[in-house]
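Enquirer: Input file: my_file_21.txt. Contents: compact mmCIF, C-alpha atoms.
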```txt
# COMPACT_ATOMS: atom_id res chain seq x y z
CA MET A 1125 51.08 33.16 -67.60
CA VAL A 1126 49.48 35.92 -65.52
CA THR A 1127 51.70 38.96 -64.93
CA ILE A 1128 52.05 41.05 -61.80
CA ALA A 1129 50.39 43.98 -63.56
CA GLN A 1130 47.39 41.82 -64.55
CA LEU A 1131 47.00 40.40 -61.06
CA LYS A 1132 47.15 43.87 -59.52
CA GLN A 1133 44.46 45.11 -61.90
CA ALA A 1134 42.16 42.12 -61.51
CA SER A 1135 38.76 42.92 -60.01
CA PRO A 1136 37.35 39.90 -58.14
CA ALA A 1137 34.26 41.93 -57.26
CA GLN A 1138 33.19 41.82 -60.91
CA TRP A 1139 33.44 38.02 -60.99
CA GLN A 1140 31.55 37.81 -57.71
CA ALA A 1141 28.78 39.93 -59.19
CA ALA A 1142 28.66 37.57 -62.17
CA ALA A 1143 28.53 34.54 -59.86
CA ASP A 1144 25.66 36.08 -57.90
CA GLY A 1145 23.83 36.81 -61.14
CA TRP A 1146 24.11 33.22 -62.35
CA LEU A 1147 22.97 31.94 -58.96
CA ASN A 1148 19.90 34.18 -59.07
CA LEU A 1149 19.08 32.90 -62.56
CA ALA A 1150 19.40 29.33 -61.28
CA LYS A 1151 16.98 30.02 -58.45
CA GLU A 1152 14.48 31.59 -60.85
CA SER A 1153 14.74 28.55 -63.10
CA GLU A 1154 14.18 26.24 -60.13
CA GLN A 1155 11.12 28.21 -59.10
CA ALA A 1156 9.72 28.06 -62.64
CA CYS A 1157 10.29 24.29 -62.68
CA ASN A 1158 8.50 23.88 -59.35
CA ASP A 1159 5.63 26.05 -60.56
CA ILE A 1160 5.16 23.88 -63.65
CA HIS A 1161 4.99 20.76 -61.48
CA GLY A 1162 2.76 22.33 -58.85
CA GLN A 1163 0.42 24.38 -60.98
CA GLY A 1164 0.59 22.64 -64.34
CA LYS A 1165 1.54 18.99 -64.54
CA GLY A 1166 0.16 18.03 -61.15
CA PRO A 1167 -3.38 19.38 -61.78
CA LEU A 1168 -3.30 17.94 -65.32
CA ASP A 1169 -2.47 14.46 -64.07
CA GLU A 1170 -5.31 14.68 -61.58
CA HIS A 1171 -8.05 16.26 -63.68
CA TRP A 1172 -7.28 15.58 -67.36
CA GLN A 1173 -6.42 11.94 -67.78
CA ASP A 1174 -7.31 11.25 -71.40
CA ARG A 1175 -4.79 11.04 -74.24
CA VAL A 1176 -4.79 14.80 -74.85
CA GLY A 1177 -4.22 15.49 -71.16
CA GLN A 1178 -1.40 12.98 -71.03
CA SER A 1179 0.24 14.60 -74.06
CA ALA A 1180 -0.03 18.04 -72.49
CA GLY A 1181 1.39 16.70 -69.23
CA ALA A 1182 4.33 15.13 -71.06
CA LYS A 1183 5.15 18.44 -72.72
CA LEU A 1184 5.00 20.25 -69.39
CA ALA A 1185 7.22 17.60 -67.81
CA ALA A 1186 9.78 18.03 -70.59
CA GLN A 1187 9.76 21.79 -70.08
CA ALA A 1188 10.23 21.31 -66.33
CA ASP A 1189 13.18 18.98 -66.99
CA THR A 1190 14.75 21.63 -69.23
CA LEU A 1191 14.40 24.28 -66.54
CA GLU A 1192 15.70 21.97 -63.82
CA SER A 1193 18.73 21.00 -65.91
CA ALA A 1194 19.43 24.62 -66.72
CA ALA A 1195 19.26 25.53 -63.03
CA ASP A 1196 21.81 22.87 -62.08
CA ILE A 1197 24.19 23.91 -64.86
CA MET A 1198 23.86 27.59 -63.91
CA ARG A 1199 24.66 26.71 -60.32
CA GLY A 1200 27.79 25.05 -61.67
CA VAL A 1201 28.75 28.27 -63.45
CA ALA A 1202 28.24 30.20 -60.20
CA MET A 1203 30.45 27.73 -58.30
CA VAL A 1204 33.29 28.10 -60.78
CA LEU A 1205 33.08 31.90 -60.71
CA ASP A 1206 32.99 31.81 -56.90
CA GLY A 1207 36.17 29.75 -57.01
CA LEU A 1208 37.89 32.20 -59.34
CA THR A 1209 36.83 35.17 -57.22
CA THR A 1210 38.21 33.78 -53.99
CA SER A 1211 41.36 32.32 -55.55
CA ILE A 1212 42.31 35.65 -57.08
CA GLU A 1213 41.69 37.36 -53.74
CA TYR A 1214 44.12 34.90 -52.13
CA ALA A 1215 46.67 35.49 -54.90
CA GLN A 1216 46.37 39.26 -54.54
CA ARG A 1217 47.07 39.00 -50.80
CA THR A 1218 50.20 36.96 -51.54
CA LEU A 1219 51.24 39.48 -54.19
CA GLN A 1220 50.73 42.42 -51.83
CA ASP A 1221 52.96 40.76 -49.25
CA GLY A 1222 55.61 40.05 -51.88
CA LEU A 1223 55.59 43.66 -53.11
CA ARG A 1224 55.81 44.91 -49.53
CA MET A 1225 58.82 42.70 -48.92
CA ALA A 1226 60.41 43.96 -52.14
CA ALA A 1227 60.04 47.56 -50.97
CA ASP A 1228 61.39 46.76 -47.48
CA TYR A 1229 64.42 44.99 -48.94
CA GLY A 1230 65.13 47.71 -51.50
CA PHE A 1231 63.98 46.15 -54.77
CA ASP A 1232 62.11 47.56 -57.73
CA VAL A 1233 59.83 45.01 -59.43
CA ASP A 1234 59.17 44.83 -63.16
CA GLU A 1235 55.43 44.18 -63.27
CA GLN A 1236 55.63 42.50 -66.68
CA THR A 1237 58.59 40.17 -66.20
CA GLY A 1238 58.72 39.95 -62.39
CA GLU A 1239 62.45 40.71 -62.41
CA LEU A 1240 63.96 42.45 -59.39
CA SER A 1241 66.52 45.25 -59.38
CA ALA A 1242 68.13 46.57 -56.18
CA ASN A 1243 67.54 50.29 -55.60
CA GLY A 1244 69.30 50.71 -52.25
CA GLN A 1245 66.24 52.34 -50.67
CA GLY A 1246 64.97 49.52 -48.50
CA SER A 1247 64.37 49.73 -44.77
CA VAL A 1248 66.09 46.40 -44.03
CA PRO A 1249 69.90 46.45 -43.78
CA GLU A 1250 71.53 44.14 -46.32
CA GLY A 1251 68.04 43.59 -47.77
CA HIS A 1252 69.49 42.95 -51.21
CA ARG A 1253 70.47 39.49 -49.99
CA TYR A 1254 66.83 38.47 -49.82
CA GLY A 1255 66.03 38.65 -53.51
CA ALA A 1256 65.36 34.92 -53.80
CA GLU A 1257 62.86 35.08 -50.94
CA VAL A 1258 61.01 37.98 -52.56
CA SER A 1259 60.99 36.32 -55.98
CA ALA A 1260 59.66 33.07 -54.51
CA LEU A 1261 56.70 34.85 -52.94
CA LEU A 1262 55.92 36.81 -56.10
CA ASP A 1263 56.16 33.64 -58.18
CA GLU A 1264 53.82 31.91 -55.76
CA ALA A 1265 51.23 34.66 -56.16
CA LEU A 1266 51.37 34.35 -59.94
CA ARG A 1267 51.18 30.56 -59.77
CA GLN A 1268 48.04 30.77 -57.64
CA ALA A 1269 46.37 33.19 -60.05
CA ASP A 1270 47.40 31.22 -63.13
CA GLN A 1271 46.07 27.88 -61.88
CA ALA A 1272 42.72 29.44 -60.97
CA ASP A 1273 42.48 31.21 -64.32
CA ARG A 1274 43.24 28.04 -66.27
CA GLN A 1275 40.85 25.83 -64.31
CA CYS A 1276 38.07 28.39 -64.47
CA ALA A 1277 38.44 28.93 -68.22
CA ALA A 1278 38.49 25.19 -68.97
CA GLU A 1279 35.43 24.46 -66.86
CA LEU A 1280 33.44 27.40 -68.19
CA ASP A 1281 34.17 26.16 -71.72
CA LYS A 1282 32.80 22.74 -70.76
CA LEU A 1283 29.73 24.25 -69.11
CA ALA A 1284 29.07 26.32 -72.23
CA GLY A 1285 28.98 23.10 -74.22
CA ASP A 1286 26.46 21.59 -71.80
CA THR A 1287 23.75 24.20 -72.29
CA CYS A 1288 21.64 21.82 -74.40
CA VAL A 1289 21.54 19.09 -71.73
CA VAL A 1290 17.93 18.47 -70.65
CA ASP A 1291 18.50 15.41 -68.46
CA PRO A 1292 18.18 16.57 -64.82
CA GLU A 1293 20.12 13.59 -63.46
CA LYS A 1294 23.08 14.27 -65.73
CA ALA A 1295 22.95 18.02 -65.09
CA LEU A 1296 22.94 17.53 -61.32
CA ASN A 1297 25.14 14.51 -60.74
CA GLU A 1298 27.70 14.90 -63.53
CA ILE A 1299 27.81 18.53 -64.64
CA GLN A 1300 27.15 20.35 -61.38
CA GLY A 1301 29.08 17.67 -59.48
CA GLU A 1302 32.18 18.32 -61.59
CA ALA A 1303 31.85 22.09 -61.20
CA SER A 1304 31.66 21.65 -57.44
CA GLN A 1305 34.92 19.69 -57.49
CA VAL A 1306 36.61 22.22 -59.77
CA GLU A 1307 35.79 25.00 -57.32
CA LEU A 1308 37.41 23.03 -54.50
CA ASN A 1309 40.39 22.21 -56.74
CA MET A 1310 40.97 25.94 -57.25
CA TYR A 1311 41.20 26.46 -53.50
CA LYS A 1312 43.53 23.49 -53.26
CA GLY A 1313 45.64 25.07 -56.00
CA ASP A 1314 45.97 28.23 -53.91
CA ILE A 1315 48.00 26.29 -51.34
CA PRO A 1316 51.80 26.08 -51.81
CA ASP A 1317 53.29 22.62 -52.35
CA GLY A 1318 55.15 22.69 -49.01
CA LYS A 1319 58.64 22.11 -50.41
CA ASP A 1320 59.74 25.41 -48.86
CA PRO A 1321 58.32 25.67 -45.30
CA ALA A 1322 59.56 29.26 -45.00
CA LEU A 1323 57.56 30.22 -48.08
CA VAL A 1324 54.51 28.45 -46.67
CA ALA A 1325 54.83 30.33 -43.39
CA GLU A 1326 55.17 33.67 -45.19
CA TRP A 1327 52.19 32.86 -47.42
CA TRP A 1328 50.04 31.83 -44.46
CA ASP A 1329 50.89 34.99 -42.55
CA SER A 1330 50.03 37.10 -45.60
CA LEU A 1331 46.41 35.91 -45.49
CA THR A 1332 43.75 37.60 -43.42
CA PRO A 1333 42.34 35.59 -40.48
CA GLU A 1334 39.14 35.17 -42.49
CA GLN A 1335 41.04 33.77 -45.48
CA GLN A 1336 42.97 31.39 -43.23
CA GLU A 1337 39.68 30.13 -41.81
CA GLN A 1338 38.25 29.70 -45.31
CA LEU A 1339 41.17 27.51 -46.37
CA LYS A 1340 40.94 25.43 -43.19
CA LEU A 1341 37.32 24.72 -44.09
CA SER A 1342 37.74 24.17 -47.82
CA ASP A 1343 40.79 21.87 -47.65
CA PRO A 1344 41.64 20.72 -44.12
CA VAL A 1345 43.58 17.68 -45.32
CA GLU A 1346 46.03 19.77 -47.34
CA ILE A 1347 46.47 22.44 -44.67
CA ALA A 1348 46.98 19.92 -41.85
CA GLY A 1349 49.73 18.14 -43.77
CA LEU A 1350 51.63 21.22 -44.95
CA ASN A 1351 55.12 22.00 -43.64
CA GLY A 1352 55.22 25.62 -42.49
CA ILE A 1353 51.66 25.77 -41.10
CA PRO A 1354 51.66 26.41 -37.32
CA ASP A 1355 51.24 23.27 -35.22
CA SER A 1356 48.39 24.92 -33.33
CA VAL A 1357 46.42 25.23 -36.58
CA LYS A 1358 47.02 21.58 -37.45
CA GLN A 1359 45.95 20.46 -33.98
CA GLU A 1360 42.80 22.54 -34.16
CA LEU A 1361 41.90 20.88 -37.47
CA ARG A 1362 42.51 17.37 -36.18
CA GLY A 1363 40.80 17.85 -32.81
CA THR A 1364 42.24 18.74 -29.45
CA ASP A 1365 41.01 15.83 -27.30
CA GLY A 1366 43.06 13.15 -29.05
CA LYS A 1367 40.06 10.81 -29.37
CA PHE A 1368 39.12 11.40 -32.97
CA ASP A 1369 41.16 12.74 -35.90
CA ARG A 1370 38.76 14.89 -37.94
CA VAL A 1371 41.28 15.39 -40.74
CA GLU A 1372 41.81 11.65 -41.08
CA PHE A 1373 38.04 11.17 -41.18
CA VAL A 1374 37.77 13.58 -44.10
CA ARG A 1375 40.78 12.06 -45.88
CA TRP A 1376 39.50 8.49 -45.48
CA THR A 1377 36.01 9.49 -46.64
CA MET A 1378 37.30 11.15 -49.82
CA GLU A 1379 39.61 8.24 -50.60
CA HIS A 1380 36.98 5.52 -50.13
CA TRP A 1381 33.70 7.18 -51.19
CA ASN A 1382 33.46 4.92 -54.26
CA ASP A 1383 34.98 1.83 -52.64
CA SER A 1384 32.65 -1.12 -52.02
CA ASP A 1385 35.14 -3.14 -49.97
CA VAL A 1386 33.62 -1.93 -46.68
CA ASP A 1387 30.01 -2.55 -47.71
CA ILE A 1388 27.68 -4.77 -45.73
CA ASP A 1389 25.83 -7.12 -48.07
CA GLY A 1390 22.15 -6.45 -48.52
CA GLU A 1391 22.12 -3.06 -46.78
CA ASN A 1392 22.08 0.58 -47.74
CA ASN A 1393 25.62 1.46 -46.74
CA CYS A 1394 25.51 5.22 -46.19
CA THR A 1395 25.67 4.89 -42.40
CA ASN A 1396 27.97 1.87 -42.38
CA PHE A 1397 30.37 3.95 -44.50
CA ALA A 1398 30.34 6.83 -41.99
CA SER A 1399 30.93 4.39 -39.11
CA GLU A 1400 33.84 2.78 -40.93
CA GLY A 1401 35.37 6.22 -41.45
CA LEU A 1402 34.93 7.14 -37.79
CA HIS A 1403 36.59 3.91 -36.65
CA HIS A 1404 39.49 4.36 -39.09
CA SER A 1405 39.93 7.86 -37.65
CA GLY A 1406 40.33 6.77 -34.05
CA VAL A 1407 36.82 6.34 -32.67
CA GLN A 1408 36.87 3.19 -30.54
CA TYR A 1409 34.15 0.57 -30.34
CA LYS A 1410 31.79 0.83 -27.41
CA GLY A 1411 31.10 -2.55 -25.89
CA TRP A 1412 31.84 -5.96 -27.31
CA ASN A 1413 28.35 -7.32 -27.85
CA THR A 1414 26.77 -6.34 -31.15
CA LEU A 1415 23.34 -6.90 -29.58
CA ASP A 1416 23.99 -4.17 -27.01
CA GLY A 1417 21.46 -1.37 -27.53
CA ASP A 1418 23.94 1.23 -26.30
CA GLY A 1419 26.97 -0.18 -28.10
CA TRP A 1420 28.70 0.76 -31.34
CA GLY A 1421 30.91 -1.60 -33.29
CA LYS A 1422 31.32 -4.71 -35.41
CA SER A 1423 31.93 -8.36 -34.63
CA THR A 1424 35.05 -10.15 -35.79
CA ALA A 1425 33.10 -11.51 -38.75
CA GLY A 1426 31.86 -8.03 -39.57
CA THR A 1427 35.33 -6.53 -39.30
CA TRP A 1428 36.73 -9.08 -41.73
CA GLY A 1429 33.72 -8.82 -44.03
CA TRP A 1430 32.96 -12.53 -43.48
CA ASP A 1431 29.24 -12.21 -42.87
CA TRP A 1432 28.78 -15.94 -43.46
CA LEU A 1433 30.65 -16.66 -40.21
CA ASP A 1434 27.97 -14.87 -38.21
CA ARG A 1435 25.06 -17.27 -38.33
CA ASN A 1436 22.77 -14.95 -36.38
CA GLY A 1437 23.47 -12.01 -38.70
CA HIS A 1438 24.77 -9.74 -35.93
CA THR A 1439 27.94 -8.53 -37.63
CA HIS A 1440 27.38 -4.99 -36.32
CA THR A 1441 25.32 -3.05 -33.83
CA ASN A 1442 22.19 -1.25 -34.96
CA SER A 1443 23.97 2.03 -34.25
CA TRP A 1444 26.70 1.10 -36.73
CA GLY A 1445 24.52 0.68 -39.80
CA GLY A 1446 21.29 2.65 -39.21
CA ALA A 1447 21.06 6.42 -39.76
CA GLN A 1448 18.59 7.12 -36.96
CA ASN A 1449 20.43 4.74 -34.64
CA LEU A 1450 23.86 6.27 -35.28
CA HIS A 1451 22.51 9.78 -34.73
CA ASP A 1452 20.89 8.78 -31.46
CA PHE A 1453 23.94 6.85 -30.28
CA LEU A 1454 26.30 9.75 -30.96
CA THR A 1455 24.11 12.40 -29.35
CA ASP A 1456 23.56 10.12 -26.32
CA ASN A 1457 27.30 9.55 -25.94
CA GLY A 1458 29.04 12.91 -25.90
CA SER A 1459 28.40 14.30 -29.38
CA HIS A 1460 26.05 17.21 -30.06
CA GLU A 1461 24.19 18.88 -32.86
CA VAL A 1462 25.43 22.20 -34.26
CA PRO A 1463 23.63 24.67 -36.54
CA VAL A 1464 24.08 24.08 -40.25
CA SER A 1465 25.81 27.46 -40.46
CA GLN A 1466 28.53 26.18 -38.09
CA ALA A 1467 29.23 22.89 -39.86
CA LYS A 1468 32.86 22.07 -40.57
CA PRO A 1469 34.76 19.18 -42.15
CA GLY A 1470 34.58 16.06 -40.03
CA ASP A 1471 30.99 16.65 -38.92
CA ILE A 1472 28.26 14.21 -39.92
CA ILE A 1473 25.09 15.25 -41.75
CA PHE A 1474 21.84 13.42 -41.06
CA PHE A 1475 18.82 13.87 -43.32
CA GLU A 1476 15.49 13.81 -41.50
CA GLU A 1477 12.19 13.48 -43.37
CA ALA A 1478 10.19 16.63 -42.57
CA SER A 1479 7.13 15.90 -44.70
CA ASP A 1480 4.80 13.01 -45.45
CA GLN A 1481 5.59 13.11 -49.16
CA ASN A 1482 7.64 9.92 -49.17
CA SER A 1483 5.41 7.00 -48.25
CA GLY A 1484 8.44 4.85 -47.59
CA ILE A 1485 9.90 7.13 -44.90
CA LYS A 1486 7.95 8.09 -41.81
CA GLN A 1487 7.84 11.81 -41.10
CA GLY A 1488 10.43 12.74 -38.48
CA THR A 1489 12.70 9.78 -39.30
CA ILE A 1490 16.42 10.20 -39.96
CA HIS A 1491 17.04 8.12 -43.07
CA HIS A 1492 20.38 9.12 -44.58
CA THR A 1493 23.95 9.84 -43.46
CA ALA A 1494 26.77 11.79 -45.12
CA VAL A 1495 30.08 13.37 -44.12
CA VAL A 1496 30.98 17.05 -44.32
CA THR A 1497 34.22 17.08 -46.31
CA ALA A 1498 34.48 20.81 -47.12
CA VAL A 1499 32.79 24.15 -46.61
CA THR A 1500 33.30 26.79 -49.29
CA PRO A 1501 34.06 30.45 -48.51
CA ASP A 1502 30.41 31.38 -49.16
CA GLY A 1503 29.30 28.85 -46.53
CA ASP A 1504 28.07 26.08 -48.84
CA ILE A 1505 28.53 22.62 -47.31
CA ARG A 1506 30.11 20.03 -49.56
CA TYR A 1507 29.41 16.50 -48.43
CA THR A 1508 30.56 13.05 -49.43
CA GLN A 1509 28.43 9.92 -49.17
CA HIS A 1510 28.22 6.26 -50.02
CA SER A 1511 25.10 4.60 -51.45
CA ASP A 1512 24.59 6.59 -53.64
CA GLN A 1513 28.24 7.47 -54.09
CA ARG A 1514 28.87 11.22 -54.21
CA LEU A 1515 32.12 13.18 -53.73
CA ASN A 1516 32.08 16.78 -52.44
CA VAL A 1517 28.58 17.59 -53.70
CA SER A 1518 26.85 20.85 -52.81
CA LEU A 1519 24.18 20.83 -50.12
CA ASN A 1520 22.68 24.03 -51.53
CA GLY A 1521 23.01 22.81 -55.10
CA ARG A 1522 21.10 19.59 -54.41
CA GLU A 1523 18.42 21.07 -52.17
CA ASN A 1524 15.78 21.50 -54.89
CA HIS A 1525 16.41 17.97 -56.18
CA GLU A 1526 16.07 16.48 -52.69
CA LEU A 1527 12.88 18.46 -52.13
CA ALA A 1528 11.32 17.02 -55.28
CA ALA A 1529 12.58 13.47 -54.72
CA GLU A 1530 12.20 13.03 -50.96
CA GLY A 1531 10.16 15.98 -49.72
CA GLN A 1532 11.26 18.66 -47.28
CA GLN A 1533 14.32 17.62 -45.28
CA ASN A 1534 15.63 18.74 -41.92
CA ILE A 1535 19.43 18.85 -42.02
CA ARG A 1536 20.90 17.83 -38.69
CA VAL A 1537 24.65 18.25 -38.25
CA VAL A 1538 26.40 16.30 -35.50
CA ARG A 1539 29.85 17.09 -34.15
CA VAL A 1540 31.45 13.85 -33.05
CA GLU A 1541 32.88 13.98 -29.51
CA PRO A 1542 33.06 10.45 -27.99
CA ASN A 1543 32.82 10.26 -24.20
CA TRP A 1544 33.12 6.51 -23.60
CA TYR A 1545 36.92 6.27 -23.65
```
If you took the structure in this file and wrote it as structure tokens, what would it be?
Expert:
Amino acid sequence: MVTIAQLKQASPAQWQAAADGWLNLAKESEQACNDIHGQGKGPLDEHWQDRVGQSAGAKLAAQADTLESAADIMRGVAMVLDGLTTSIEYAQRTLQDGLRMAADYGFDVDEQTGELSANGQGSVPEGHRYGAEVSALLDEALRQADQADRQCAAELDKLAGDTCVVDPEKALNEIQGEASQVELNMYKGDIPDGKDPALVAEWWDSLTPEQQEQLKLSDPVEIAGLNGIPDSVKQELRGTDGKFDRVEFVRWTMEHWNDSDVDIDGENNCTNFASEGLHHSGVQYKGWNTLDGDGWGKSTAGTWGWDWLDRNGHTHTNSWGGAQNLHDFLTDNGSHEVPVSQAKPGDIIFFEEASDQNSGIKQGTIHHTAVVTAVTPDGDIRYTQHSDQRLNVSLNGRENHELAAEGQQNIRVVRVEPNWY
């Protein structure tokens, strides 16, 4: 268990420097991988097509895979260290507030055991009666630090054992994906359990406005449901117009990201999934006719998942299941795009093909939909999607992979604000 003395002496800046160093190494590895493809394997495939050329190309491809895998794993290390850095900063703020209260109430604090002893020198009359309150806050600070320390150590041990992985898909989707979730779990672990609303209120007030904003972005579901958080904060998270509950959208998305029950047979369901989440979160259908070009919704057969009842195949509007169509419908009906830097949980991400690299996707076409489910303190968007199923994956961490697989992408973030009801 972390002690008060250890938490006071902790230096998050050193861990942040380490995180930045690992991130820089990851970027260098990505660049080396891209250089091998662009300047080595690509020209070989084009100009040296005999058996020797193919062998040389295979070796270069293997080296590129090694570098790509290493980059994704190193990004995972950086994520975990980022989580530790921020979590300890939160814990230190809670500790500072607890020590301040101890001084005001006239207590000395043993920094090894955490025990309090009244010294009669406090500035609050009868302050000695508040020992339990002080102890609870100090214990909370140590709990926050301990959970972050344990999660970080366990995940770094796992990442150390993954250094020989040379499969880019595994490195990105499994290893980096888990590290991304561990970082978010650390922030979640910084939040009190809510059994004592007074403790929650004291903890919340001990944070800086910037730290409060960070936690609202990294775990809106937890913050919005916590006893002791001001109602104004909860309302801000959910949305002030009463038409659409952003917190419920995030919660539903994270609970159903790997659930096929809402799928439409024979379709890529990334956009259908986002529409289902919007409807479950309060967004009402527009119109009743699924053939309506300016409508949004599902037929009775589509709602029940009984596609066979709909002989014409119109179980849903085009805007319900198509990425480009949903984007256009939303932006034509009250919603608006926001800069990527201003994205927050409950927004929708649309991926637009910016190059002609992918012959199957016309340049300028929006072809994929995902939901912003968290934003980390360093501004990295974590999104959740369906088809392919991904939970809280890093937009920055997957950028190089998407560039190689799909070509350059424009990221368009839409803030949902219905105006038809």
Enquirer: Per residue of segment 1481-1519 of chain A within 8 Å of segment 1392-1403 of chain A, note the shortest atom pair and the distance in Å to one decimal, counting all atoms listed in the file, and order the rows by chain and increasing residue number, as a Markdown table.
Expert:
```
| residue | atom | partner | partner_atom | distance |
| --- | --- | --- | --- | --- |
| A:His1492 | CA | A:Cys1394 | CA | 6.6 |
| A:Thr1493 | CA | A:Thr1395 | CA | 5.3 |
| A:Ala1494 | CA | A:Cys1394 | CA | 6.8 |
| A:Val1495 | CA | A:Ala1398 | CA | 6.9 |
| A:Gln1509 | CA | A:Cys1394 | CA | 6.3 |
| A:His1510 | CA | A:Cys1394 | CA | 4.8 |
| A:Ser1511 | CA | A:Cys1394 | CA | 5.3 |
| A:Asp1512 | CA | A:Cys1394 | CA | 7.6 |
```
Enquirer: Got a sec: who's within 10 Å of Asp1263 of chain A, counting all atoms listed in the file, leaving out chain neighbours fewer than 4 positions off, as JSON, numbers by chain?
Expert: {"A": [1127, 1128, 1218, 1219, 1222, 1238, 1257, 1258, 1259, 1267, 1268, 1269]}
Enquirer: Find the distance between atom CA of Asn1148 of chain A and atom CA of Met1203 of chain A and write it in Å to one decimal.
Expert: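 Atom CA of Met1203 of chain A lies at a distance of 12.4 Å from atom CA of Asn1148 of chain A.
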Enquirer: Report the distance between atom CA of Leu1323 of chain A and atom CA of Glu1307 of chain A in Å, rounded to one decimal place.
Expert: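 Distance between the two atoms: 24.2 Å.
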Enquirer: Find, counting only C-alpha atoms, the residue in A:Met1198, A:Leu1454, A:Ala1256, A:Ile1212 that gets nearest to Pro1136 of chain A.
Expert: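 Among A:Met1198, A:Leu1454, A:Ala1256, A:Ile1212, it is A:Ile1212 that comes nearest to Pro1136 of chain A.
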Enquirer: Which residues are near Val1248 of chain A? Cut-off 10 Å, all atoms listed in the file, ignore same chain within fewer than 5 positions. Put them as a list in words.
Expert: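 Counting all atoms listed in the file, the residues come to Met1225, Ala1227, Asp1228, Tyr1229, Gly1230 and Tyr1254 of chain A.
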Enquirer: Which residues, written as a ChimeraX atom specification, have at least one atom at most 10 Å from Gly1200 of chain A, with all atoms listed in the file counted and residues fewer than 4 positions away on the same chain left out?
Expert: /A:1143,1146-1147,1150,1194-1196,1204-1206,1279-1280,1283,1295-1296,1299-1307,1518,1521
Enquirer: Kindly save the residues from that selection, with C-alpha atoms included, as a tab-separated table (two decimals), in the frame of the given file.
Expert:
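Output saved as out_35.tsv:
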```
chain	number	residue	atom	x	y	z
A	1143	ALA	CA	28.53	34.54	-59.86
A	1146	TRP	CA	24.11	33.22	-62.35
A	1147	LEU	CA	22.97	31.94	-58.96
A	1150	ALA	CA	19.40	29.33	-61.28
A	1194	ALA	CA	19.43	24.62	-66.72
A	1195	ALA	CA	19.26	25.53	-63.03
A	1196	ASP	CA	21.81	22.87	-62.08
A	1204	VAL	CA	33.29	28.10	-60.78
A	1205	LEU	CA	33.08	31.90	-60.71
A	1206	ASP	CA	32.99	31.81	-56.90
A	1279	GLU	CA	35.43	24.46	-66.86
A	1280	LEU	CA	33.44	27.40	-68.19
A	1283	LEU	CA	29.73	24.25	-69.11
A	1295	ALA	CA	22.95	18.02	-65.09
A	1296	LEU	CA	22.94	17.53	-61.32
A	1299	ILE	CA	27.81	18.53	-64.64
A	1300	GLN	CA	27.15	20.35	-61.38
A	1301	GLY	CA	29.08	17.67	-59.48
A	1302	GLU	CA	32.18	18.32	-61.59
A	1303	ALA	CA	31.85	22.09	-61.20
A	1304	SER	CA	31.66	21.65	-57.44
A	1305	GLN	CA	34.92	19.69	-57.49
A	1306	VAL	CA	36.61	22.22	-59.77
A	1307	GLU	CA	35.79	25.00	-57.32
A	1518	SER	CA	26.85	20.85	-52.81
A	1521	GLY	CA	23.01	22.81	-55.10
```
Enquirer: Just checking: using only C-alpha atoms, which residue out of A:Trp1544, A:Glu1476, A:Ser1330, A:Ala1529 ends up closest to Trp1420 of chain A?
Expert: A:Trp1544
Enquirer: Identify the residues within 12 Å of coordinate (14.6, 14.1, -44.9) (same frame as the file), considering only C-alpha atoms, and give the answer as a ChimeraX atom specification.
Expert: /A:1447-1448,1473-1482,1484-1493,1523,1526-1536
Enquirer: I'd like the contact shell of Glu1461 of chain A - 10 Å cut-off, all atoms listed in the file, skipping same-chain residues fewer than 5 positions apart - returned as an MDAnalysis selection string.
Expert: chainID A and resid 1451 1454:1455 1466:1467 1471:1473 1536:1540
Enquirer: Using only C-alpha atoms, can you tell me which of A:Leu1350, A:Lys1340, A:Asp1369, A:Asp1416 comes closest to Val1499 of chain A?
Expert: A:Lys1340
Enquirer: One decimal, Å: what's the distance from atom CA of Ser1423 of chain A over to atom CA of Tyr1409 of chain A, could you say?
Expert: 10.2 Å
